[in-house]
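S.K.: Structure supplied as protein-v8.txt; contents: compact mmCIF, C-alpha atoms.
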```txt
# COMPACT_ATOMS: atom_id res chain seq x y z
CA MET A 1 -32.28 52.29 37.69
CA SER A 2 -34.34 55.38 38.38
CA VAL A 3 -31.83 58.19 37.96
CA ASP A 4 -30.33 56.36 35.02
CA GLN A 5 -33.68 56.03 33.41
CA THR A 6 -34.40 59.74 33.72
CA GLU A 7 -30.97 60.49 32.26
CA VAL A 8 -31.54 58.07 29.46
CA LEU A 9 -34.86 59.65 28.75
CA LYS A 10 -33.35 63.09 28.52
CA GLN A 11 -30.77 61.79 26.07
CA GLU A 12 -33.47 60.04 24.18
CA GLN A 13 -35.39 63.26 23.85
CA LYS A 14 -32.33 64.99 22.47
CA GLN A 15 -31.63 62.12 20.15
CA ARG A 16 -34.03 61.24 17.38
CA ILE A 17 -36.28 58.35 18.28
CA VAL A 18 -38.29 56.55 15.65
CA LYS A 19 -41.90 55.71 16.46
CA CYS A 20 -43.07 54.77 12.98
CA VAL A 21 -41.29 53.11 10.06
CA VAL A 22 -42.79 53.54 6.59
CA TRP A 23 -41.88 50.91 4.02
CA ASP A 24 -41.87 51.06 0.25
CA LEU A 25 -43.02 47.77 -1.33
CA ASP A 26 -41.38 46.97 -4.72
CA ASN A 27 -37.73 45.97 -4.26
CA THR A 28 -37.81 47.18 -0.66
CA LEU A 29 -40.23 44.99 1.24
CA TRP A 30 -40.37 42.34 -1.43
CA ASP A 31 -38.19 41.30 -4.35
CA GLY A 32 -39.50 42.37 -7.76
CA THR A 33 -42.08 44.76 -9.13
CA LEU A 34 -45.65 43.71 -8.48
CA LEU A 35 -47.19 45.16 -11.65
CA GLU A 36 -44.31 43.99 -13.86
CA GLY A 37 -44.38 40.23 -13.60
CA GLY A 38 -45.01 39.79 -9.91
CA ILE A 39 -42.74 39.30 -6.96
CA LYS A 40 -40.20 36.71 -5.92
CA GLY A 41 -41.01 36.77 -2.21
CA LEU A 42 -39.92 38.97 0.65
CA ARG A 43 -36.40 40.37 0.59
CA PRO A 44 -34.03 38.56 2.95
CA ASN A 45 -34.35 39.51 6.62
CA VAL A 46 -37.27 41.83 6.00
CA PHE A 47 -39.64 39.70 8.04
CA THR A 48 -37.23 39.55 10.98
CA VAL A 49 -36.85 43.32 10.91
CA ILE A 50 -40.61 43.83 10.80
CA LYS A 51 -41.14 41.52 13.75
CA THR A 52 -38.31 43.03 15.78
CA LEU A 53 -39.59 46.57 15.31
CA ASP A 54 -43.10 45.44 16.16
CA GLU A 55 -41.98 43.86 19.43
CA ARG A 56 -40.23 47.10 20.34
CA GLY A 57 -43.48 49.01 20.00
CA ILE A 58 -42.42 50.80 16.80
CA LEU A 59 -45.35 51.25 14.47
CA GLN A 60 -45.09 50.43 10.76
CA SER A 61 -46.85 51.56 7.64
CA ILE A 62 -46.49 51.61 3.87
CA ALA A 63 -45.98 54.26 1.21
CA SER A 64 -45.96 52.62 -2.19
CA LYS A 65 -46.74 53.76 -5.71
CA ASN A 66 -48.75 50.77 -6.80
CA ASP A 67 -52.18 49.48 -7.57
CA HIS A 68 -53.99 49.70 -4.26
CA GLN A 69 -55.97 46.48 -4.49
CA SER A 70 -53.22 44.27 -5.95
CA ALA A 71 -50.70 45.45 -3.36
CA LEU A 72 -53.12 44.82 -0.49
CA SER A 73 -53.91 41.32 -1.78
CA GLN A 74 -50.20 40.58 -2.05
CA LEU A 75 -49.64 41.71 1.55
CA GLU A 76 -52.57 39.57 2.60
CA GLN A 77 -51.07 36.52 0.86
CA LEU A 78 -47.79 37.13 2.67
CA GLY A 79 -49.70 37.31 5.95
CA LEU A 80 -48.35 40.80 6.70
CA THR A 81 -51.47 42.97 6.55
CA ASP A 82 -51.83 43.27 10.31
CA TYR A 83 -48.38 44.74 10.79
CA PHE A 84 -49.11 47.91 8.82
CA LEU A 85 -51.29 50.75 10.06
CA SER A 86 -52.95 53.09 7.62
CA PRO A 87 -51.05 51.83 4.53
CA GLN A 88 -50.86 54.37 1.69
CA ILE A 89 -50.83 52.74 -1.71
CA ASN A 90 -51.45 55.26 -4.47
CA TRP A 91 -49.70 57.15 -7.24
CA GLY A 92 -49.18 60.37 -5.30
CA ALA A 93 -45.97 61.75 -3.80
CA LYS A 94 -44.66 59.67 -0.91
CA SER A 95 -44.17 62.74 1.24
CA GLY A 96 -47.94 63.22 1.05
CA SER A 97 -48.50 59.60 2.03
CA ILE A 98 -46.22 59.96 5.06
CA GLU A 99 -48.01 63.13 6.16
CA ARG A 100 -51.29 61.28 5.90
CA ILE A 101 -50.00 58.44 8.08
CA ALA A 102 -48.70 60.92 10.67
CA LYS A 103 -52.11 62.54 10.77
CA ASP A 104 -53.97 59.22 11.10
CA LEU A 105 -51.73 58.00 13.90
CA ASN A 106 -51.41 61.41 15.54
CA ILE A 107 -47.63 61.24 15.97
CA GLY A 108 -45.00 63.78 14.97
CA LEU A 109 -43.25 63.66 11.58
CA ASP A 110 -39.90 63.94 13.36
CA THR A 111 -40.47 60.41 14.70
CA PHE A 112 -40.78 58.85 11.23
CA ALA A 113 -38.33 56.76 9.23
CA PHE A 114 -38.83 55.90 5.55
CA ILE A 115 -37.27 52.95 3.73
CA ASP A 116 -37.08 52.92 -0.07
CA ASP A 117 -34.74 51.43 -2.67
CA GLN A 118 -35.03 54.43 -4.96
CA ALA A 119 -32.88 57.48 -4.31
CA PHE A 120 -35.46 59.64 -6.09
CA GLU A 121 -38.18 58.75 -3.58
CA ARG A 122 -35.92 59.25 -0.58
CA GLU A 123 -34.88 62.64 -1.89
CA GLU A 124 -38.45 63.69 -2.56
CA VAL A 125 -39.36 62.83 1.05
CA SER A 126 -36.21 64.45 2.48
CA PHE A 127 -36.88 67.60 0.53
CA ALA A 128 -40.56 67.88 1.49
CA ILE A 129 -40.19 66.70 5.13
CA PRO A 130 -36.55 67.11 6.23
CA GLU A 131 -37.27 65.71 9.70
CA VAL A 132 -38.02 62.21 8.33
CA LEU A 133 -35.10 59.78 8.56
CA CYS A 134 -34.64 58.22 5.08
CA ILE A 135 -32.96 54.85 4.72
CA ASP A 136 -31.79 52.98 1.64
CA ALA A 137 -33.48 49.56 1.34
CA ALA A 138 -30.00 48.08 0.92
CA ASP A 139 -29.40 48.91 4.60
CA THR A 140 -32.56 47.19 5.89
CA ASP A 141 -30.51 44.60 7.84
CA LYS A 142 -28.84 47.27 9.95
CA ILE A 143 -32.05 48.97 11.08
CA PRO A 144 -32.59 47.07 14.35
CA GLU A 145 -29.06 48.00 15.44
CA LEU A 146 -29.41 51.75 14.86
CA PRO A 147 -29.84 53.75 18.09
CA GLU A 148 -32.89 55.55 16.67
CA PHE A 149 -34.71 52.22 16.65
CA LYS A 150 -33.88 51.17 20.18
CA PRO A 151 -36.38 52.58 22.63
CA ARG A 152 -35.13 52.43 26.21
CA PHE A 153 -38.48 51.44 27.64
CA ILE A 154 -40.10 48.28 26.48
CA THR A 155 -43.15 47.66 28.63
CA GLU A 156 -46.05 45.33 28.19
CA ASP A 157 -47.89 48.30 26.69
CA SER A 158 -45.19 48.94 24.08
CA ALA A 159 -45.34 45.38 22.84
CA ARG A 160 -49.09 45.82 22.31
CA ARG A 161 -48.81 49.29 20.82
CA ARG A 162 -49.73 48.20 17.31
CA GLN A 163 -52.98 46.55 18.43
CA MET A 164 -53.82 49.67 20.44
CA TYR A 165 -53.32 51.94 17.45
CA GLN A 166 -55.32 49.58 15.26
CA ALA A 167 -58.17 49.86 17.73
CA ASP A 168 -57.74 53.66 17.77
CA LEU A 169 -58.00 53.82 13.98
CA GLN A 170 -61.20 51.78 14.09
CA ARG A 171 -62.64 54.06 16.78
CA GLN A 172 -61.74 57.15 14.76
CA THR A 173 -63.52 55.84 11.71
CA VAL A 174 -66.60 55.06 13.73
CA GLU A 175 -66.49 58.42 15.53
CA GLU A 176 -66.11 60.37 12.27
CA HIS A 177 -69.12 58.66 10.82
CA PHE A 178 -71.20 58.61 13.95
CA ASP A 179 -74.40 60.55 13.56
CA GLY A 180 -76.06 61.51 16.79
CA PRO A 181 -75.28 62.84 20.23
CA GLN A 182 -71.77 62.39 21.54
CA GLU A 183 -73.09 60.57 24.56
CA LYS A 184 -74.58 57.90 22.33
CA PHE A 185 -71.20 57.47 20.66
CA LEU A 186 -69.49 57.09 24.03
CA THR A 187 -72.15 54.60 25.09
CA SER A 188 -71.57 52.62 21.91
CA LEU A 189 -67.90 52.12 22.85
CA GLU A 190 -68.88 49.98 25.88
CA MET A 191 -65.99 51.35 27.92
CA LYS A 192 -64.74 49.61 31.04
CA LEU A 193 -62.67 51.74 33.37
CA SER A 194 -60.75 50.31 36.32
CA ILE A 195 -59.12 52.37 39.01
CA ASN A 196 -56.95 50.32 41.33
CA PRO A 197 -54.04 50.74 43.74
CA ALA A 198 -50.81 50.27 41.80
CA GLY A 199 -49.23 46.85 42.04
CA GLU A 200 -45.53 46.22 41.62
CA SER A 201 -46.06 45.15 38.04
CA ASP A 202 -47.60 48.56 37.24
CA LEU A 203 -44.60 50.61 38.31
CA LYS A 204 -42.54 50.53 35.13
CA ARG A 205 -45.50 51.77 33.14
CA ALA A 206 -46.30 54.29 35.89
CA GLU A 207 -42.79 55.70 35.68
CA GLU A 208 -43.06 55.84 31.90
CA LEU A 209 -46.33 57.75 32.21
CA THR A 210 -44.85 60.36 34.56
CA LEU A 211 -41.95 60.89 32.17
CA ARG A 212 -43.86 60.95 28.92
CA THR A 213 -47.15 62.66 29.67
CA ASN A 214 -47.00 66.44 29.35
CA GLN A 215 -50.33 67.71 28.20
CA LEU A 216 -52.78 65.93 30.47
CA ASN A 217 -50.60 66.25 33.55
CA THR A 218 -51.42 68.49 36.51
CA THR A 219 -47.93 68.95 37.95
CA GLY A 220 -45.41 67.21 35.71
CA TYR A 221 -43.69 65.74 38.77
CA THR A 222 -41.62 62.80 37.65
CA TYR A 223 -41.02 59.91 39.98
CA SER A 224 -38.56 57.09 39.68
CA TYR A 225 -39.46 53.44 39.90
CA ASP A 226 -38.09 53.29 43.45
CA GLU A 227 -39.97 56.37 44.61
CA LEU A 228 -43.19 55.03 43.14
CA ASN A 229 -42.56 51.70 44.82
CA LEU A 230 -42.25 53.51 48.18
CA PHE A 231 -45.46 55.47 47.62
CA ARG A 232 -47.19 52.24 46.74
CA GLN A 233 -46.37 50.79 50.13
CA SER A 234 -46.55 53.95 52.22
CA TYR A 235 -49.49 54.42 54.54
CA ASN A 236 -49.42 58.16 53.87
CA HIS A 237 -49.74 57.77 50.15
CA GLN A 238 -52.08 56.22 47.67
CA LEU A 239 -50.92 55.45 44.16
CA LEU A 240 -53.73 54.63 41.75
CA VAL A 241 -53.55 53.30 38.22
CA ALA A 242 -56.40 53.61 35.74
CA SER A 243 -56.90 51.17 32.87
CA LEU A 244 -59.40 51.42 30.08
CA GLU A 245 -60.77 49.02 27.52
CA ASP A 246 -63.65 49.17 25.10
CA LYS A 247 -65.19 46.98 22.48
CA TYR A 248 -62.39 47.76 20.04
CA GLY A 249 -59.65 46.68 22.39
CA ASP A 250 -57.52 47.49 25.35
CA TYR A 251 -56.06 50.96 25.88
CA GLY A 252 -53.79 49.60 28.62
CA LYS A 253 -52.83 51.65 31.65
CA ILE A 254 -53.72 55.19 30.81
CA GLY A 255 -53.92 57.16 34.02
CA LEU A 256 -52.07 57.70 37.25
CA VAL A 257 -52.99 59.46 40.49
CA LEU A 258 -50.76 60.05 43.49
CA ILE A 259 -52.39 61.16 46.73
CA GLU A 260 -50.61 62.23 49.89
CA ARG A 261 -52.65 61.83 53.10
CA PHE A 262 -52.06 63.72 56.30
CA GLU A 263 -54.19 65.01 59.17
CA GLY A 264 -57.57 64.94 57.53
CA ASN A 265 -56.27 66.11 54.17
CA TRP A 266 -55.82 64.28 50.92
CA VAL A 267 -53.58 66.10 48.49
CA ILE A 268 -53.52 65.07 44.86
CA LYS A 269 -49.85 65.48 44.00
CA LEU A 270 -50.18 64.19 40.50
CA LEU A 271 -53.03 63.37 38.17
CA LEU A 272 -52.22 62.46 34.62
CA MET A 273 -53.76 60.74 31.65
CA SER A 274 -52.47 59.50 28.35
CA CYS A 275 -53.52 61.69 25.40
CA ARG A 276 -54.95 58.57 23.80
CA VAL A 277 -57.99 58.81 26.07
CA MET A 278 -58.62 62.52 25.58
CA ALA A 279 -62.32 63.31 25.24
CA ARG A 280 -63.48 60.08 26.85
CA GLY A 281 -64.40 61.64 30.18
CA VAL A 282 -61.84 59.65 32.18
CA GLY A 283 -60.55 62.69 34.11
CA THR A 284 -63.99 63.57 35.35
CA VAL A 285 -64.59 60.02 36.56
CA LEU A 286 -61.22 59.91 38.33
CA ILE A 287 -61.92 63.18 40.12
CA ASN A 288 -65.49 62.21 40.93
CA HIS A 289 -64.23 58.97 42.48
CA LEU A 290 -61.72 60.89 44.62
CA ARG A 291 -64.41 63.36 45.64
CA ASN A 292 -66.75 60.56 46.73
CA GLN A 293 -64.00 58.85 48.66
CA ALA A 294 -62.88 62.05 50.38
CA ARG A 295 -66.48 62.81 51.33
CA ASN A 296 -66.99 59.32 52.78
CA ASN A 297 -63.75 59.58 54.74
CA HIS A 298 -64.58 63.05 56.03
CA VAL A 299 -61.34 64.58 54.76
CA ARG A 300 -60.58 67.71 52.74
CA LEU A 301 -59.60 67.09 49.15
CA LEU A 302 -56.75 69.31 47.98
CA ALA A 303 -54.74 69.29 44.76
CA GLU A 304 -51.44 70.71 43.66
CA MET A 305 -51.21 72.13 40.18
CA LEU A 306 -48.30 73.58 38.26
CA PRO A 307 -49.87 75.38 35.31
CA ASN A 308 -47.79 75.72 32.16
CA ASP A 309 -48.49 76.49 28.52
CA ARG A 310 -49.29 72.86 27.74
CA ASN A 311 -51.50 71.63 30.55
CA ARG A 312 -54.27 74.22 30.54
CA MET A 313 -56.76 71.45 29.93
CA MET A 314 -55.97 69.95 33.32
CA TYR A 315 -56.42 73.32 34.99
CA MET A 316 -59.90 73.39 33.47
CA THR A 317 -60.56 69.82 34.46
CA TYR A 318 -59.92 70.79 38.06
CA LYS A 319 -61.86 74.03 37.86
CA PHE A 320 -64.87 72.42 36.20
CA ASN A 321 -64.89 69.63 38.76
CA HIS A 322 -65.41 71.92 41.74
CA PHE A 323 -61.84 72.74 42.66
CA SER A 324 -60.99 76.36 43.42
CA GLU A 325 -57.71 78.03 44.17
CA ILE A 326 -57.07 78.57 47.87
CA ASP A 327 -53.36 79.33 47.79
CA LYS A 328 -50.49 80.11 45.48
CA GLN A 329 -46.84 79.46 46.29
CA GLY A 330 -44.81 80.85 43.41
CA GLU A 331 -45.92 78.86 40.38
CA LEU A 332 -47.62 76.23 42.50
CA VAL A 333 -51.39 76.50 42.80
CA ILE A 334 -53.20 74.81 45.67
CA PHE A 335 -56.78 73.82 44.98
CA GLU A 336 -59.48 72.71 47.36
CA ASN A 337 -62.56 70.83 46.29
CA ASP A 338 -66.08 71.80 47.24
CA LEU A 339 -67.33 68.34 48.15
CA LYS A 340 -70.92 69.43 48.74
CA VAL A 341 -72.01 69.03 45.14
CA VAL A 342 -72.60 65.36 44.43
CA HIS A 343 -72.44 63.99 40.90
CA GLU A 344 -73.42 60.64 39.46
CA PHE A 345 -70.90 58.84 37.29
CA PRO A 346 -71.63 59.11 33.57
CA ASN A 347 -73.53 56.01 32.57
CA TYR A 348 -71.40 55.23 29.52
CA PHE A 349 -68.71 53.67 31.72
CA GLN A 350 -68.74 50.30 33.36
CA LEU A 351 -66.69 51.03 36.45
CA ASN A 352 -64.44 48.79 38.44
CA ILE A 353 -63.39 50.90 41.40
CA GLY A 354 -62.77 50.20 45.03
CA ASP A 355 -62.72 52.18 48.26
CA LEU A 356 -59.54 54.03 49.18
CA MET B 1 -73.40 91.87 19.99
CA ASN B 2 -76.51 91.67 22.15
CA PHE B 3 -77.52 89.12 24.74
CA GLU B 4 -79.73 87.16 22.33
CA GLU B 5 -76.78 86.67 20.02
CA LEU B 6 -74.58 85.48 22.86
CA ILE B 7 -77.23 82.89 23.67
CA SER B 8 -77.80 81.74 20.11
CA LYS B 9 -74.10 81.50 19.30
CA SER B 10 -73.35 79.56 22.48
CA HIS B 11 -76.31 77.30 21.86
CA ALA B 12 -75.21 76.65 18.29
CA PHE B 13 -71.69 75.78 19.43
CA VAL B 14 -72.81 73.40 22.16
CA THR B 15 -75.39 71.56 20.07
CA GLN B 16 -72.99 71.23 17.18
CA TYR B 17 -70.34 69.82 19.48
CA LEU B 18 -72.82 67.35 20.89
CA ASN B 19 -73.77 66.27 17.37
CA GLY B 20 -77.08 68.04 17.35
CA ALA B 21 -78.33 66.87 20.72
CA ASP B 22 -81.16 69.00 22.05
CA VAL B 23 -79.63 71.06 24.82
CA ASP B 24 -81.76 73.11 27.15
CA LEU B 25 -80.43 76.60 27.92
CA ASP B 26 -80.30 75.90 31.64
CA ILE B 27 -79.14 72.32 31.67
CA ASP B 28 -75.92 71.74 33.61
CA LEU B 29 -73.45 70.66 30.95
CA PHE B 30 -70.94 69.25 33.38
CA ALA B 31 -73.24 67.46 35.78
CA THR B 32 -74.73 65.11 33.22
CA GLY B 33 -71.46 63.67 32.00
CA MET B 34 -72.31 65.02 28.56
CA VAL B 35 -69.03 66.82 28.26
CA ASN B 36 -65.39 66.32 29.11
CA SER B 37 -62.23 68.39 29.50
CA LEU B 38 -61.61 68.57 25.78
CA PHE B 39 -65.05 70.04 25.36
CA ALA B 40 -64.38 72.46 28.23
CA MET B 41 -61.19 73.53 26.52
CA GLN B 42 -62.91 74.03 23.20
CA LEU B 43 -65.73 75.87 24.86
CA VAL B 44 -63.28 78.33 26.39
CA LEU B 45 -61.48 78.77 23.07
CA PHE B 46 -64.83 79.32 21.37
CA VAL B 47 -65.79 82.01 23.87
CA GLU B 48 -62.43 83.75 23.46
CA LYS B 49 -62.54 83.70 19.69
CA GLU B 50 -66.22 84.34 19.11
CA PHE B 51 -66.80 86.99 21.77
CA GLY B 52 -63.34 88.53 21.57
CA PHE B 53 -61.94 88.56 25.09
CA ALA B 54 -59.35 86.48 26.93
CA VAL B 55 -60.60 84.10 29.61
CA ALA B 56 -58.21 84.40 32.56
CA ASN B 57 -57.59 81.56 34.98
CA GLU B 58 -59.78 83.20 37.62
CA ASP B 59 -62.64 83.27 35.11
CA LEU B 60 -62.33 79.56 34.44
CA ASP B 61 -65.08 78.86 36.82
CA TYR B 62 -67.67 76.15 36.83
CA ASP B 63 -70.37 78.77 37.36
CA ASN B 64 -69.32 80.72 34.26
CA PHE B 65 -69.55 77.71 31.97
CA ARG B 66 -72.07 75.36 33.53
CA SER B 67 -74.89 76.04 31.06
CA ILE B 68 -75.60 77.96 27.88
CA ASN B 69 -77.31 80.69 29.91
CA ALA B 70 -74.34 80.88 32.27
CA ILE B 71 -71.91 81.25 29.36
CA ALA B 72 -73.97 84.06 27.86
CA ASP B 73 -74.26 85.80 31.25
CA PHE B 74 -70.54 85.52 31.76
CA ALA B 75 -69.74 86.86 28.28
CA ALA B 76 -72.21 89.70 28.74
CA ARG B 77 -70.49 90.70 31.99
CA LYS B 78 -67.06 90.61 30.39
CA LEU B 79 -68.28 92.64 27.43
CA GLY B 80 -70.05 95.13 29.68
CA LEU B 81 -73.51 94.40 28.28
CA THR B 82 -76.56 94.97 30.39
CA VAL B 83 -78.39 91.73 30.88
CA ASN B 84 -82.11 92.14 30.45
CA ALA B 85 -83.19 88.53 30.27
```
When written as structure tokens, how does the structure in this file appear?

M.R.:
Amino acid sequence: MSVDQTEVLKQEQKQRIVKCVVWDLDNTLWDGTLLEGGIKGLRPNVFTVIKTLDERGILQSIASKNDHQSALSQLEQLGLTDYFLSPQINWGAKSGSIERIAKDLNIGLDTFAFIDDQAFEREEVSFAIPEVLCIDAADTDKIPELPEFKPRFITEDSARRRQMYQADLQRQTVEEHFDGPQEKFLTSLEMKLSINPAGESDLKRAEELTLRTNQLNTTGYTYSYDELNLFRQSYNHQLLVASLEDKYGDYGKIGLVLIERFEGNWVIKLLLMSCRVMARGVGTVLINHLRNQARNNHVRLLAEMLPNDRNRMMYMTYKFNHFSEIDKQGELVIFENDLKVVHEFPNYFQLNIGDL
Amino acid sequence: MNFEELISKSHAFVTQYLNGADVDLDIDLFATGMVNSLFAMQLVLFVEKEFGFAVANEDLDYDNFRSINAIADFAARKLGLTVNA
């Protein structure tokens, strides 16, 4: 399915793909107007749609002009609170609410859809943010069938996406209000980082990571499921997967490293991390682990890097972790690590790592 | 801008980023696990913006950014200041 999957992904990138659905409440999510005599229950099929989207890893939120507290209590009574991230219930323009949600979740406005029964609200949003897909509440039933709402990849991590974002929002709040050195904040997260050889069950997510990660990616090489499966079993390669969790929850599989081994050299062909773990120090730990292992095995540690306008941060990560350029072949930079300098691991991680 | 200003501006940036942690001018910022790539990136952007020169890839060196003193030395060299520390 590898070539197909890459093709599909390219199409997907051309085609709009919805990552977050924002619901209105009165006469959209539920029947009736909350502040005018209360509601008559959820509108038909709404719950099925919410659950379907959730299972597909599509995030959901709320933009409603309502009394904040009453609307939240109503959602609570319906048992729906957990499905909605960063709900915006206020009397301001809904375009503003959607922008706020996009900012909180750190995803692009062109991946948003907005459902409302009132043409006025849909037009206000369309006018202010043309890239948002606006849908009439009357068409709610059709949503799961629309191509924009059918992601091609559904991995274990997509099904848990909502919980992961919930944990992220909690972390953000704590980080914003954290007074004191950054290291203390990182310590307070009680992070557990595992770096393990990829198993077969990791490959789908690994492929997804190579296709979707641009910024924190040293080469941008994409590999198909089958190629990754070969690397996993090849004596000349080592495919590593990093997973992170902290006291707020599980980040899932967030990093991937591919090493090619030959004649006393280890070459890092690919090192990537999900943007969700930016500023946690994961890259430094990954590289430090590889440095220690290379030193113990008496091999040279090399790395390939294809710099572009988006991955400068990875160039720095290499440079600041004792790699220097030894060769350049067109765009391709070859780094070698100076293994003499030995660093301890930062003490704010509990590490689960094994020998390579 | 003189060398003292390079030091004090770099120091202010680093301590602010680390939420007011007390950072010695010579302490190795990258060895202690205090900082990460995002910080490195922001440090480089700070140097470019504050001191007014572009940091090329060949300048992105551990030795140029390892401590507050190193950053000031590096900026002084790029700006053609004589270092009299």

S.K.: Please, which residues in chain A fall within 8 Å of chain B when counting all atoms listed in the file, and what is the closest atom pair and distance in Å to one decimal for each, ordered by chain then residue number, as a tab-separated table?

M.R.:
```
residue	atom	partner	partner_atom	distance
A:Asp179	CA	B:Asn19	CA	6.9
A:Gly180	CA	B:Asn19	CA	5.3
A:Pro181	CA	B:Asn19	CA	4.7
A:Gln182	CA	B:Leu18	CA	5.1
A:Glu183	CA	B:Met34	CA	6.0
A:Met278	CA	B:Leu38	CA	6.8
A:Ala279	CA	B:Leu38	CA	5.3
A:Arg280	CA	B:Asn36	CA	6.9
A:Gly281	CA	B:Asn36	CA	4.9
A:Gly283	CA	B:Ser37	CA	7.5
A:Thr284	CA	B:Asn36	CA	7.0
A:Met313	CA	B:Met41	CA	6.0
A:Met314	CA	B:Ser37	CA	7.5
A:Met316	CA	B:Leu60	CA	6.7
A:Thr317	CA	B:Ser37	CA	5.4
A:Lys319	CA	B:Asp61	CA	5.9
A:Phe320	CA	B:Tyr62	CA	4.7
A:Asn321	CA	B:Tyr62	CA	7.3
A:His322	CA	B:Tyr62	CA	6.9
A:His343	CA	B:Ala31	CA	6.2
A:Glu344	CA	B:Ala31	CA	7.8
A:Phe345	CA	B:Gly33	CA	7.2
A:Pro346	CA	B:Gly33	CA	4.8
A:Asn347	CA	B:Gly33	CA	8.0
```

S.K.: What does the distance from atom CA of A:Gly41 to atom CA of A:Arg122 come to in Å, to one decimal?

M.R.: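 Going from atom CA of A:Gly41 over to atom CA of A:Arg122, I get 23.1 Å.
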
S.K.: I'd like the neighbourhood of stretch 260-263 of chain A as a PyMOL selection string, where a residue qualifies if any of its atoms comes within 12 Å (using all atoms listed in the file), though same-chain residues fewer than 5 positions away should be ignored.

M.R.: chain A and resi 231-232+234-240+268-270+294+297-304+356

S.K.: Give me, please, the distance in Å between atom CA of A:Pro147 and atom CA of A:Leu42, quoted to one decimal.

M.R.: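 That distance, rounded to one decimal, is 25.0 Å.
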
S.K.: Which value, in Å to one decimal, gives the distance between atom CA of A:Thr218 and atom CA of A:Ser201?

M.R.: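 The value is 24.0 Å.
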
S.K.: Which residues, written as a PyMOL selection string, have at least one atom at most 8 Å from A:Asn66, with only C-alpha atoms counted and residues fewer than 6 positions away on the same chain left out?

M.R.: chain A and resi 34-35+89-91

S.K.: Every residue with an atom at most 9 Å from (-71.9, 67.9, 47.1) (file coordinates; all atoms listed in the file) is what I'm after, so could you write them as a list in words?

M.R.: Arg291, Asn292, Arg295, Asp338, Leu339, Lys340, Val341, Val342 and His343 of chain A

S.K.: Find the residues near stretch 167-173 of chain A: any atom within 9 Å, counting all atoms listed in the file, skip ones fewer than 5 places away on the same chain, and give them as number ranges by chain.

M.R.: A: 85-86, 104-105, 162, 178, 189, 247-251, 276

S.K.: Within 6 Å of (-79.3, 85.0, 27.3), all atoms listed in the file: residues as a list of chain:residue names?

M.R.: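 With a cut-off of 6 Å, the residues come to B:Phe3, B:Glu4, B:Ile7, B:Asn69, B:Ala72.
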
S.K.: Using all atoms listed in the file, determine which residues lie at most 12 Å from B:Arg77, disregarding the query and same-chain residues fewer than 4 positions distant; provide the list as a ChimeraX atom specification.

M.R.: /B:2-3,6,51,53,59,64,70-73,81-84
